[in-house]
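Participant: To be precise about what I am sending: the file is called target-v9.txt and holds compact mmCIF, C-alpha atoms and all ligand atoms.
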# COMPACT_ATOMS: atom_id res chain seq x y z
CA MET K 114 230.20 30.79 100.41
CA PRO K 115 226.49 31.04 99.40
CA ARG K 116 225.33 28.44 96.85
CA PRO K 117 225.33 29.87 93.31
CA ASP K 118 221.55 29.31 93.10
CA ALA K 119 220.87 30.85 96.55
CA PRO K 120 218.19 33.58 96.38
CA THR K 121 219.47 37.12 96.86
CA ILE K 122 218.07 38.64 100.03
CA PRO K 123 216.99 42.26 99.52
CA ALA K 124 218.46 44.80 101.93
CA ALA K 125 216.16 45.72 104.83
CA PRO K 126 214.54 49.17 104.42
CA PRO K 127 215.86 51.96 106.66
CA ALA K 128 214.22 51.89 110.11
CA GLU K 129 212.51 55.27 109.55
CA ASP K 130 210.68 53.79 106.52
CA ILE K 131 209.09 51.01 108.58
CA PRO K 132 205.65 52.15 109.80
CA PRO K 133 204.77 51.71 113.47
CA LEU K 134 202.37 48.85 114.19
CA VAL K 135 199.16 50.85 114.70
CA LEU K 136 198.90 54.43 113.43
CA ASP K 137 195.31 54.95 114.54
CA GLN K 138 192.29 52.91 115.60
CA ALA K 139 188.53 53.17 115.97
CA SER K 140 186.02 50.79 117.48
CA GLY K 141 182.43 50.11 118.46
CA ASP K 142 180.68 47.32 120.40
CA ALA K 143 180.97 44.83 117.53
CA TRP K 144 183.89 46.19 115.48
CA ASN K 145 187.54 47.26 115.57
CA LEU K 146 189.30 49.00 112.70
CA TYR K 147 193.05 49.67 112.72
CA ASN K 148 195.10 52.00 110.53
CA ALA K 149 197.98 49.55 110.21
CA ASP K 150 199.94 47.24 107.93
CA CYS K 151 197.91 44.05 107.76
CA VAL K 152 200.87 41.67 107.98
CA SER K 153 202.49 43.22 111.08
CA PHE K 154 199.08 43.55 112.70
CA ALA K 155 197.97 40.01 111.84
CA ARG K 156 201.02 38.64 113.67
CA ASN K 157 199.32 39.85 116.88
CA LEU K 158 195.93 38.25 116.27
CA PRO K 159 195.32 35.04 118.25
CA ASP K 160 195.27 31.57 116.65
CA ASN K 161 191.91 30.24 115.41
CA SER K 162 190.11 33.47 116.35
CA VAL K 163 188.38 34.50 113.09
CA ASP K 164 185.37 32.76 111.52
CA LEU K 165 185.62 34.17 107.98
CA ALA K 166 188.30 36.22 106.22
CA VAL K 167 186.65 38.02 103.30
CA TYR K 168 188.32 40.79 101.31
CA SER K 169 189.66 42.16 98.04
CA PRO K 170 193.46 42.20 98.08
CA PRO K 171 195.29 44.78 95.98
CA PHE K 172 195.27 43.33 92.45
CA SER K 173 199.05 43.16 92.17
CA ASN K 174 200.29 46.55 90.89
CA LEU K 175 197.02 47.61 89.21
CA TYR K 176 196.62 50.45 91.73
CA VAL K 177 199.06 51.90 94.26
CA TYR K 178 196.99 53.05 97.24
CA SER K 179 199.64 54.92 99.19
CA GLU K 180 203.33 55.76 99.18
CA SER K 181 204.03 53.39 102.05
CA ILE K 182 206.56 50.63 101.38
CA ALA K 183 204.12 48.35 103.20
CA ASP K 184 201.41 48.96 100.55
CA HIS K 185 200.97 45.62 98.81
CA GLY K 186 199.93 47.45 95.63
CA ASN K 187 203.28 49.20 95.65
CA CYS K 188 205.12 46.44 93.80
CA ALA K 189 206.99 46.06 90.52
CA SER K 190 205.53 42.76 89.35
CA ASP K 191 203.07 39.97 90.14
CA ALA K 192 205.97 37.91 91.52
CA GLU K 193 206.83 40.69 93.98
CA PHE K 194 203.17 41.07 94.96
CA PHE K 195 202.87 37.36 95.77
CA ASP K 196 206.16 37.44 97.73
CA HIS K 197 204.57 40.05 100.04
CA TYR K 198 201.01 38.68 100.05
CA ARG K 199 202.31 35.25 101.09
CA TYR K 200 203.13 36.62 104.58
CA LEU K 201 199.50 37.65 105.05
CA VAL K 202 198.19 34.28 103.82
CA ARG K 203 200.57 32.52 106.23
CA GLU K 204 199.15 34.48 109.19
CA LYS K 205 195.62 33.89 107.92
CA ALA K 206 196.23 30.13 107.97
CA ARG K 207 197.03 30.48 111.69
CA ILE K 208 194.29 32.98 112.65
CA LEU K 209 191.32 31.38 110.88
CA ARG K 210 189.19 28.92 112.84
CA PRO K 211 189.80 25.30 111.70
CA GLY K 212 187.04 24.11 109.38
CA ARG K 213 186.33 27.65 108.16
CA LEU K 214 186.89 29.56 104.95
CA THR K 215 188.48 32.59 103.41
CA ALA K 216 186.82 34.17 100.37
CA ILE K 217 188.81 36.64 98.30
CA HIS K 218 187.44 38.85 95.56
CA VAL K 219 189.81 39.03 92.57
CA LYS K 220 189.97 39.15 88.80
CA ASP K 221 192.56 38.21 86.23
CA LEU K 222 194.71 41.02 84.87
CA VAL K 223 195.80 42.26 81.48
CA TYR K 224 199.23 42.63 79.89
CA TYR K 225 199.03 45.56 77.53
CA GLN K 226 201.29 45.57 74.48
CA ASN K 227 204.95 45.77 75.58
CA SER K 228 204.19 45.43 79.30
CA SER K 229 204.87 41.68 79.53
CA GLU K 230 208.41 40.28 79.63
CA ASP K 231 208.34 39.24 75.96
CA GLY K 232 206.39 42.33 74.84
CA SER K 233 203.21 40.46 73.88
CA ALA K 234 199.72 41.41 75.08
CA GLY K 235 197.60 38.87 76.96
CA LEU K 236 196.15 37.94 80.33
CA ARG K 237 197.81 37.30 83.68
CA ALA K 238 196.12 34.52 85.66
CA PHE K 239 196.11 36.50 88.92
CA SER K 240 193.34 34.33 90.41
CA ASP K 241 195.50 31.21 89.84
CA GLY K 242 198.45 32.96 91.51
CA CYS K 243 196.24 33.52 94.59
CA THR K 244 195.34 29.82 94.62
CA ARG K 245 199.01 28.79 94.35
CA VAL K 246 199.97 30.92 97.37
CA HIS K 247 197.02 29.65 99.43
CA LEU K 248 197.85 26.01 98.64
CA GLU K 249 201.52 26.56 99.47
CA GLU K 250 200.54 28.08 102.82
CA GLY K 251 198.34 25.13 103.82
CA PHE K 252 194.83 25.98 102.58
CA ALA K 253 192.72 23.65 100.44
CA PHE K 254 191.05 24.97 97.28
CA HIS K 255 187.34 25.01 98.09
CA CYS K 256 185.61 26.61 95.09
CA ARG K 257 185.72 29.39 92.50
CA ILE K 258 182.56 31.52 92.26
CA THR K 259 182.34 33.46 89.01
CA ILE K 260 180.74 36.89 89.09
CA TYR K 261 179.26 37.88 85.75
CA ARG K 262 180.47 41.11 84.19
CA ASP K 263 179.21 42.52 80.91
CA PRO K 264 181.76 42.29 78.02
CA VAL K 265 180.21 45.27 76.24
CA LEU K 266 180.76 47.46 79.32
CA GLU K 267 184.35 46.19 79.56
CA ARG K 268 184.94 47.00 75.89
CA SER K 269 183.58 50.51 76.27
CA LYS K 270 185.66 51.15 79.42
CA THR K 271 188.94 49.66 78.16
CA ASN K 272 188.72 49.46 74.35
CA ALA K 273 190.40 46.05 74.73
CA HIS K 274 191.65 44.77 71.36
CA GLY K 275 190.37 41.25 72.10
CA LEU K 276 186.78 42.50 72.51
CA LEU K 277 186.51 44.72 69.43
CA TRP K 278 184.05 43.95 66.63
CA LYS K 279 186.87 45.10 64.29
CA THR K 280 189.19 42.41 65.71
CA PHE K 281 186.46 39.80 65.32
CA GLN K 282 186.19 40.64 61.64
CA GLY K 283 189.93 41.01 60.93
CA ASP K 284 191.53 38.17 62.94
CA ALA K 285 189.37 36.51 65.55
CA SER K 286 192.38 34.57 66.87
CA PHE K 287 192.96 37.75 68.96
CA CYS K 288 189.41 37.70 70.37
CA ARG K 289 188.76 36.73 73.96
CA VAL K 290 185.70 36.70 76.19
CA GLY K 291 184.98 39.41 78.74
CA MET K 292 186.66 39.20 82.12
CA PRO K 293 184.49 38.11 85.03
CA GLU K 294 185.37 38.66 88.67
CA TYR K 295 185.83 35.75 91.03
CA LEU K 296 185.31 34.94 94.64
CA MET K 297 188.08 32.41 95.31
CA VAL K 298 187.28 30.31 98.37
CA TYR K 299 189.87 28.33 100.39
CA ARG K 300 189.40 26.12 103.43
CA LYS K 301 191.47 25.62 106.55
CA TRP K 302 190.95 21.99 107.49
CA ALA K 303 191.03 21.05 111.15
CA LYS K 304 194.16 19.06 112.04
CA PRO K 305 193.93 16.01 114.30
CA GLY K 306 193.26 17.26 117.84
CA GLU K 307 191.52 20.47 116.64
CA GLU K 308 188.04 18.94 116.29
CA SER K 309 186.74 20.81 119.34
CA LEU K 310 187.51 24.14 117.61
CA VAL K 311 185.25 23.41 114.66
CA ARG K 312 181.92 25.29 114.65
CA PRO K 313 179.64 24.32 111.77
CA VAL K 314 177.84 27.06 109.84
CA THR K 315 174.17 26.14 109.97
CA HIS K 316 171.16 27.16 107.87
CA PRO K 317 168.17 25.39 109.48
CA LYS K 318 165.62 24.28 106.92
CA ASP K 319 162.70 25.88 108.73
CA LYS K 320 164.45 29.24 108.26
CA VAL K 321 166.17 28.94 104.87
CA PRO K 322 164.32 27.40 101.93
CA LEU K 323 165.89 24.94 99.47
CA THR K 324 165.55 27.51 96.67
CA ARG K 325 167.84 29.85 98.60
CA TRP K 326 170.53 27.18 98.72
CA GLN K 327 170.05 26.35 95.02
CA ASP K 328 170.45 30.02 94.24
CA LEU K 329 173.68 30.34 96.27
CA ALA K 330 175.05 27.07 94.77
CA THR K 331 174.94 28.54 91.24
CA PRO K 332 178.55 28.74 89.95
CA VAL K 333 177.87 32.13 88.33
CA TRP K 334 176.29 34.40 90.90
CA ARG K 335 173.57 36.14 89.02
CA THR K 336 170.41 36.66 91.04
CA ASN K 337 168.85 39.96 91.91
CA ASP K 338 170.12 40.14 95.43
CA ILE K 339 169.12 43.61 96.41
CA ASP K 340 167.00 42.17 99.24
CA LEU K 341 169.50 39.53 100.40
CA TRP K 342 169.67 40.91 103.92
CA LEU K 343 165.94 41.01 104.57
CA PRO K 344 164.85 38.14 106.85
CA TYR K 345 163.53 35.03 105.14
CA GLY K 346 159.76 35.13 105.00
CA ASP K 347 159.77 38.94 104.91
CA PRO K 348 157.06 40.00 102.47
CA ARG K 349 159.43 42.63 101.03
CA ARG K 350 161.80 39.91 99.70
CA THR K 351 161.77 38.97 96.03
CA PRO K 352 160.14 35.56 95.69
CA HIS K 353 162.86 32.98 95.05
CA ALA K 354 161.10 31.84 91.90
CA GLN K 355 162.11 35.16 90.37
CA VAL K 356 165.71 34.24 89.69
CA TRP K 357 166.96 36.50 86.94
CA ASN K 358 168.55 35.02 83.90
CA LEU K 359 171.80 36.55 82.78
CA ARG K 360 171.02 39.59 80.73
CA ASP K 361 172.12 39.88 77.13
CA PRO K 362 175.56 41.47 76.67
CA GLY K 363 175.26 45.23 76.52
CA GLN K 364 172.56 45.33 79.20
CA GLY K 365 175.02 45.98 82.04
CA ASP K 366 176.16 43.82 84.92
CA ALA K 367 172.54 43.22 85.77
CA ASP K 368 172.43 40.56 88.41
CA LEU K 369 175.18 41.58 90.81
CA PRO K 370 175.52 45.21 89.78
CA SER K 371 179.09 46.44 90.21
CA THR K 372 177.61 49.77 91.32
CA ASP K 373 176.45 48.33 94.67
CA VAL K 374 179.47 49.79 96.46
CA LEU K 375 180.03 52.22 99.31
CA ASN K 376 181.33 54.77 96.77
CA VAL K 377 177.74 55.37 95.77
CA ALA K 378 177.04 56.54 99.32
CA ILE K 379 180.21 58.62 99.19
CA ALA K 380 179.13 60.29 95.96
CA LYS K 381 176.42 62.03 98.00
CA ASP K 382 179.06 63.51 100.33
CA GLU K 383 181.51 65.79 98.55
CA ARG K 384 184.01 65.78 101.42
CA ALA K 385 184.31 62.00 101.53
CA GLU K 386 187.13 60.00 99.94
CA ARG K 387 186.13 57.62 97.15
CA HIS K 388 187.90 54.29 96.96
CA LEU K 389 189.65 53.23 93.74
CA CYS K 390 188.39 49.69 93.98
CA PRO K 391 185.73 48.97 96.64
CA MET K 392 184.41 45.45 97.12
CA PRO K 393 180.77 45.17 95.96
CA LEU K 394 178.46 44.93 98.96
CA ASN K 395 176.16 42.32 97.40
CA ILE K 396 179.04 39.86 96.76
CA THR K 397 180.33 40.37 100.28
CA LYS K 398 176.92 39.89 101.85
CA ARG K 399 176.30 36.68 99.89
CA ALA K 400 179.61 35.25 101.12
CA ILE K 401 178.87 36.26 104.72
CA ASP K 402 175.35 34.83 104.46
CA LEU K 403 176.63 31.52 103.11
CA TYR K 404 179.72 31.03 105.27
CA THR K 405 179.04 32.47 108.74
CA ASN K 406 176.63 32.25 111.65
CA ARG K 407 175.15 35.30 113.33
CA GLY K 408 177.63 36.61 115.92
CA ASP K 409 180.70 35.24 114.06
CA VAL K 410 183.87 37.29 113.63
CA VAL K 411 184.55 38.51 110.09
CA TRP K 412 188.05 39.81 109.24
CA SER K 413 189.25 41.99 106.36
CA PRO K 414 193.00 42.67 106.34
CA TYR K 415 192.59 45.16 103.44
CA ALA K 416 189.53 46.95 104.79
CA GLY K 417 189.56 50.03 102.50
CA ILE K 418 186.54 52.22 103.24
CA GLY K 419 184.88 49.41 105.19
CA SER K 420 182.69 47.47 102.73
CA GLU K 421 183.29 44.07 104.35
CA GLY K 422 182.77 45.56 107.82
CA VAL K 423 179.56 47.35 106.89
CA SER K 424 178.27 44.12 105.31
CA ALA K 425 179.21 42.08 108.40
CA LEU K 426 177.60 44.49 110.89
CA SER K 427 174.45 44.79 108.79
CA MET K 428 174.06 41.01 109.08
CA GLY K 429 174.64 40.74 112.83
CA ARG K 430 178.30 39.65 112.64
CA LYS K 431 181.34 41.18 114.39
CA PHE K 432 184.14 42.76 112.39
CA VAL K 433 187.88 43.37 112.67
CA GLY K 434 189.84 45.10 109.92
CA THR K 435 193.10 46.80 109.05
CA GLU K 436 193.66 49.50 106.42
CA LEU K 437 196.99 51.13 105.64
CA ASN K 438 195.81 54.31 103.90
CA PRO K 439 194.79 56.82 106.64
CA THR K 440 192.15 58.54 104.49
CA TYR K 441 190.41 55.26 103.69
CA PHE K 442 190.76 54.21 107.33
CA ARG K 443 188.95 57.37 108.53
CA GLN K 444 186.21 56.96 105.94
CA GLY K 445 185.85 53.27 106.88
CA ALA K 446 185.59 54.11 110.60
CA LYS K 447 182.80 56.57 109.80
CA PHE K 448 180.84 54.03 107.73
CA LEU K 449 181.27 51.35 110.39
CA ALA K 450 180.05 53.65 113.18
CA GLU K 451 177.02 54.61 111.09
CA GLU K 452 176.24 51.00 110.19
CA ALA K 453 176.64 49.84 113.81
CA GLN K 454 174.04 52.40 114.85
CA ALA K 455 171.67 51.49 112.00
CA SER K 456 171.99 47.75 112.51
CA ALA K 457 171.56 48.01 116.29
CA TYR K 458 168.26 49.70 115.52
CA GLY K 459 167.52 46.99 112.93
CA SER K 460 168.23 44.20 115.46
CA LEU K 461 165.78 45.76 117.88
CA LEU K 462 163.13 45.79 115.14
CA ASP K 463 164.03 42.16 114.28
CA LEU K 464 163.44 41.21 117.92
CA MET K 465 160.18 43.10 118.08
CA GLU K 466 158.98 41.53 114.80
CA GLY K 467 160.25 38.05 115.76
CA ALA K 468 162.73 37.74 112.87
CA SER K 469 164.29 34.31 112.71
CA TRP K 470 167.87 35.02 111.62
C1 LIG E 501 191.18 46.31 96.71
S1 LIG E 501 191.32 47.47 97.98
C2 LIG E 501 190.16 46.89 99.18
C3 LIG E 501 188.96 47.79 99.28
C4 LIG E 501 187.95 47.40 100.34
N1 LIG E 501 187.54 46.03 100.18
C5 LIG E 501 186.73 48.32 100.27
O1 LIG E 501 185.70 47.88 99.77
O2 LIG E 501 186.86 49.48 100.63
C6 LIG E 501 192.84 47.07 98.78
C7 LIG E 501 193.13 47.93 100.00
O3 LIG E 501 194.28 47.39 100.64
C8 LIG E 501 194.95 48.48 101.26
N2 LIG E 501 196.32 47.99 101.56
C9 LIG E 501 197.36 47.81 100.71
N3 LIG E 501 198.42 47.30 101.37
C10 LIG E 501 198.03 47.14 102.67
C11 LIG E 501 198.67 46.65 103.83
N4 LIG E 501 199.95 46.23 103.81
N5 LIG E 501 197.97 46.61 104.99
C12 LIG E 501 196.68 47.06 105.04
N6 LIG E 501 196.02 47.55 103.98
C13 LIG E 501 196.69 47.59 102.80
C14 LIG E 501 194.86 49.59 100.24
O4 LIG E 501 195.07 50.87 100.83
C15 LIG E 501 193.44 49.39 99.70
O5 LIG E 501 192.52 50.20 100.41
In structure tokens, write the structure found in this file.
Facilitator:
Amino acid sequence: MPRPDAPTIPAAPPAEDIPPLVLDQASGDAWNLYNADCVSFARNLPDNSVDLAVYSPPFSNLYVYSESIADHGNCASDAEFFDHYRYLVREKARILRPGRLTAIHVKDLVYYQNSSEDGSAGLRAFSDGCTRVHLEEGFAFHCRITIYRDPVLERSKTNAHGLLWKTFQGDASFCRVGMPEYLMVYRKWAKPGEESLVRPVTHPKDKVPLTRWQDLATPVWRTNDIDLWLPYGDPRRTPHAQVWNLRDPGQGDADLPSTDVLNVAIAKDERAERHLCPMPLNITKRAIDLYTNRGDVVWSPYAGIGSEGVSALSMGRKFVGTELNPTYFRQGAKFLAEEAQASAYGSLLDLMEGASW
């Protein structure tokens, strides 16, 4: 007899609903992209083989990206999302190199009136849920980087009750602040006996100035980082003294503009597929800059149209990714091939000009 408190085990889906491991794949010298379910695929990646896992997971059921039962956005509740996501985090804890990090781009989510269990409106601490799953699967909480987003833009996009001037006047107990995004960072510590696998990430002081580190150490990422990927010392870089202050609300996202996404490139190509929720390139590049060495392997299990891969290749890193939606996969493969060509050309110029990173 099962215990009365034993969890009910859901019936397995019919075999024909389970997608094959790899539906399609594309690759270049420094990248591999697979049209596959990230969990099944990750089970085949070797232990300790990835230097940084950086990605945006589906934000629970905010968007459903495909009809596949393997789509992690295809879930009824946050609890169901985390039940599925946990399997990926478990594999990640095995695949990541000891002493290295995973950085995930998330935000908290909203309960609209009558969508929560008790019918009240409010916020769902999705970022905390991600931390809980990572801790339970063996990661240590490393840091939370806040990415500034303009509350006036959020109000105009969502008309959120808690951000309205009218609410402020009528009953400010309903008012809240605008919702930032976060880069949640978790560490895989080396276990005893794994010391030889640890490879420090180094930023030699003759190549990276103190001001660069002070900029990256800011808890709210806010600098004008358009030129992040230019070599240090390049005259085209913005002098580090010119750190922007946060702009006044209503002036837009300013410092890390949320429009720095591959969709902007897509907008120029009418045949291309836009992504519902691409990861901003400048956030991704900052994380890669901070947490990897040149030549390291960067992994995105939810690769979308390839933002993390394009960022990695543009900075001289290798990339492996999986994406379930075939249209996004094809678009991602195209962007990666284009970036690989452009960055190979860039590396040649770096060599010719004696770039130091
Ligand atoms: C927040 S988006 C990531 C977008 C990506 N960072 C980019 O910039 O294009 C989440 C992605 O996860 C994909 N996805 C959902 N479930 C998946 C799964 N089980 N395996 C692989 N990809 C999945 C979705 O199709 C979607 O493209």
Participant: Between K:Leu449, K:Val152, K:Ala330, K:Ala425, which has the minimum distance to ligand LIG 501 (chain E) (counting only C-alpha atoms and all ligand atoms)?
Facilitator: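 Looking only at the distances to ligand LIG 501 (chain E), the closest residue turns out to be K:Val152.
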Participant: Can you work out the spacing between atom CA of Phe252 of chain K and atom CA of Tyr224 of chain K in Å, to one decimal?
Facilitator: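 Taking atom CA of Phe252 of chain K and atom CA of Tyr224 of chain K, their separation equals 28.5 Å.
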Participant: Counting only C-alpha atoms and all ligand atoms, which residues of chain K fall within 6 Å of ligand LIG 501 (chain E), and what is the closest atom pair for each with its distance in Å at one decimal, ordered by chain and rising number, as a tab-separated table?
Facilitator:
residue	atom	partner	partner_atom	distance
K:Ala149	CA	E:LIG501	C12	5.9
K:Asp150	CA	E:LIG501	N5	3.6
K:Cys151	CA	E:LIG501	N5	3.8
K:Tyr168	CA	E:LIG501	N1	5.4
K:Ser169	CA	E:LIG501	C1	4.6
K:Pro170	CA	E:LIG501	C1	4.9
K:Pro171	CA	E:LIG501	C6	4.4
K:Tyr178	CA	E:LIG501	O4	4.6
K:Ala183	CA	E:LIG501	N4	4.7
K:Asp184	CA	E:LIG501	N3	3.5
K:His185	CA	E:LIG501	N3	4.0
K:Gly186	CA	E:LIG501	C9	5.7
K:Cys390	CA	E:LIG501	C1	5.2
K:Pro391	CA	E:LIG501	O1	3.3
K:Met392	CA	E:LIG501	O1	3.8
K:Pro414	CA	E:LIG501	C12	5.9
K:Tyr415	CA	E:LIG501	O3	4.0
K:Ala416	CA	E:LIG501	C4	4.7
K:Gly417	CA	E:LIG501	O2	3.3
K:Ile418	CA	E:LIG501	O2	3.8
K:Gly419	CA	E:LIG501	O2	5.0
K:Ser420	CA	E:LIG501	O1	4.2
K:Thr435	CA	E:LIG501	C12	5.4
K:Glu436	CA	E:LIG501	N6	3.9
K:Leu437	CA	E:LIG501	N6	4.1
K:Asn438	CA	E:LIG501	O4	4.7
Participant: Now that the selection is made, can you save its residues with C-alpha atoms as a short mmCIF file (atom, residue, chain, number, x, y, z; two decimals), in the frame of the given file?
Facilitator:
data_model
loop_
_atom_site.label_atom_id
_atom_site.label_comp_id
_atom_site.auth_asym_id
_atom_site.auth_seq_id
_atom_site.Cartn_x
_atom_site.Cartn_y
_atom_site.Cartn_z
CA ALA K 149 197.98 49.55 110.21
CA ASP K 150 199.94 47.24 107.93
CA CYS K 151 197.91 44.05 107.76
CA TYR K 168 188.32 40.79 101.31
CA SER K 169 189.66 42.16 98.04
CA PRO K 170 193.46 42.20 98.08
CA PRO K 171 195.29 44.78 95.98
CA TYR K 178 196.99 53.05 97.24
CA ALA K 183 204.12 48.35 103.20
CA ASP K 184 201.41 48.96 100.55
CA HIS K 185 200.97 45.62 98.81
CA GLY K 186 199.93 47.45 95.63
CA CYS K 390 188.39 49.69 93.98
CA PRO K 391 185.73 48.97 96.64
CA MET K 392 184.41 45.45 97.12
CA PRO K 414 193.00 42.67 106.34
CA TYR K 415 192.59 45.16 103.44
CA ALA K 416 189.53 46.95 104.79
CA GLY K 417 189.56 50.03 102.50
CA ILE K 418 186.54 52.22 103.24
CA GLY K 419 184.88 49.41 105.19
CA SER K 420 182.69 47.47 102.73
CA THR K 435 193.10 46.80 109.05
CA GLU K 436 193.66 49.50 106.42
CA LEU K 437 196.99 51.13 105.64
CA ASN K 438 195.81 54.31 103.90
#
Participant: Which protein, DNA or RNA residues are at most 10 Å from (195.3, 43.3, 93.3) in the file's coordinates when you count all atoms listed in the file, listed as a list in words?
Facilitator: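 Within the cut-off we find Ser169, Pro170, Pro171, Phe172, Ser173, Asn174, Leu175, Tyr176, Val177, His185, Gly186, Asp191, Phe194, Phe195, Tyr198, His218, Val219, Lys220, Asp221, Leu222, Phe239, Ser240, Cys243 and Cys390 of chain K.
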Participant: Which residues, written as a list in words, have at least one atom at most 8 Å from Leu394 of chain K, with only C-alpha atoms counted and residues fewer than 5 positions away on the same chain left out?
Facilitator: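 Contacts, in chain order: Asp373, Val374, Leu375, Ser420, Glu421 and Ser424 of chain K.
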Participant: Show me, as a ChimeraX atom specification, the residues that have an atom within 8 Å of Ser162 of chain K when counting only C-alpha atoms, minus same-chain residues fewer than 3 positions from it.
Facilitator: /K:158-159,208-210,410
Participant: Determine the nearest neighbour of Lys301 of chain K from the options K:Asn395, K:Thr315, K:Asn161, K:Thr271, counting all atoms listed in the file.
Facilitator: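 Closest to Lys301 of chain K of all the choices is K:Asn161.
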Participant: What separation in Å, quoted to one decimal, exists between atom CA of Thr244 of chain K and atom CA of Ile258 of chain K?
Facilitator: 13.1 Å
Participant: Kindly indicate which residue among K:Leu403, K:Leu276, K:Ala238, K:Leu248 lies nearest to Val321 of chain K, using all atoms listed in the file for the distances.
Facilitator: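 Among the listed residues, K:Leu403 lies closest to Val321 of chain K.
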Participant: Enter the distance from atom CA of Val290 of chain K to atom CA of Ala253 of chain K, in Å, rounded to one decimal.
Facilitator: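 Rounded to one decimal, the two atoms are 28.4 Å apart.
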Participant: Around (179.4, 34.0, 115.7) in the file's own coordinates, what residues are found within 10 Å if you use all atoms listed in the file, given back as a PyMOL selection string?
Facilitator: chain K and resi 163-165+312+314+405-411+429-431
Participant: Nearest to Met292 of chain K among K:Glu308, K:Asp263, K:Asp137, K:Asp196, with distances taken over only C-alpha atoms: which residue is it?
Facilitator: K:Asp263
Participant: For Gly434 of chain K, please output as a list in words all residues within 7 Å (counting all atoms listed in the file; exclusion window: fewer than 3 positions along the same chain).
Facilitator: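 With the cut-off at 7 Å, the set is Asn145, Leu146, Tyr147, Trp412, Ser413, Pro414 and Ala416 of chain K.
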Participant: Using all atoms listed in the file, which residue out of K:Leu296, K:Leu266, K:Val433, K:Leu323 lies closest to Ala155 of chain K?
Facilitator: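 Closest candidate: K:Val433.
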Participant: Could you add whatever atoms are missing so that segment 430-443 of chain K carries N, CA and C atoms, then write the result as an mmCIF file, keeping the file's coordinate frame?
Facilitator:
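Final output, saved to out-v4.cif:
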data_model
loop_
_atom_site.group_PDB
_atom_site.id
_atom_site.type_symbol
_atom_site.label_atom_id
_atom_site.label_comp_id
_atom_site.auth_asym_id
_atom_site.auth_seq_id
_atom_site.Cartn_x
_atom_site.Cartn_y
_atom_site.Cartn_z
ATOM 1 N N ARG K 430 177.003 40.261 112.373
ATOM 2 C CA ARG K 430 178.300 39.650 112.640
ATOM 3 C C ARG K 430 179.227 40.706 113.257
ATOM 4 N N LYS K 431 180.339 40.237 113.865
ATOM 5 C CA LYS K 431 181.340 41.180 114.390
ATOM 6 C C LYS K 431 182.405 41.388 113.316
ATOM 7 N N PHE K 432 183.168 42.477 113.443
ATOM 8 C CA PHE K 432 184.140 42.760 112.390
ATOM 9 C C PHE K 432 185.455 43.268 112.962
ATOM 10 N N VAL K 433 186.566 42.781 112.391
ATOM 11 C CA VAL K 433 187.880 43.370 112.670
ATOM 12 C C VAL K 433 188.565 43.604 111.328
ATOM 13 N N GLY K 434 189.196 44.783 111.202
ATOM 14 C CA GLY K 434 189.840 45.100 109.920
ATOM 15 C C GLY K 434 191.078 45.948 110.113
ATOM 16 N N THR K 435 191.959 45.887 109.091
ATOM 17 C CA THR K 435 193.100 46.800 109.050
ATOM 18 C C THR K 435 193.106 47.499 107.695
ATOM 19 N N GLU K 436 193.519 48.747 107.682
ATOM 20 C CA GLU K 436 193.660 49.500 106.420
ATOM 21 C C GLU K 436 194.869 50.414 106.576
ATOM 22 N N LEU K 437 195.729 50.388 105.564
ATOM 23 C CA LEU K 437 196.990 51.130 105.640
ATOM 24 C C LEU K 437 196.815 52.614 105.321
ATOM 25 N N ASN K 438 195.968 52.917 104.345
ATOM 26 C CA ASN K 438 195.810 54.310 103.900
ATOM 27 C C ASN K 438 194.959 55.070 104.922
ATOM 28 N N PRO K 439 195.519 56.146 105.542
ATOM 29 C CA PRO K 439 194.790 56.820 106.640
ATOM 30 C C PRO K 439 193.475 57.436 106.193
ATOM 31 N N THR K 440 193.398 57.914 104.946
ATOM 32 C CA THR K 440 192.150 58.540 104.490
ATOM 33 C C THR K 440 191.054 57.500 104.376
ATOM 34 N N TYR K 441 191.397 56.338 103.782
ATOM 35 C CA TYR K 441 190.410 55.260 103.690
ATOM 36 C C TYR K 441 190.032 54.767 105.087
ATOM 37 N N PHE K 442 191.037 54.669 105.957
ATOM 38 C CA PHE K 442 190.760 54.210 107.330
ATOM 39 C C PHE K 442 189.710 55.113 107.989
ATOM 40 N N ARG K 443 189.891 56.434 107.870
ATOM 41 C CA ARG K 443 188.950 57.370 108.530
ATOM 42 C C ARG K 443 187.552 57.237 107.928
#
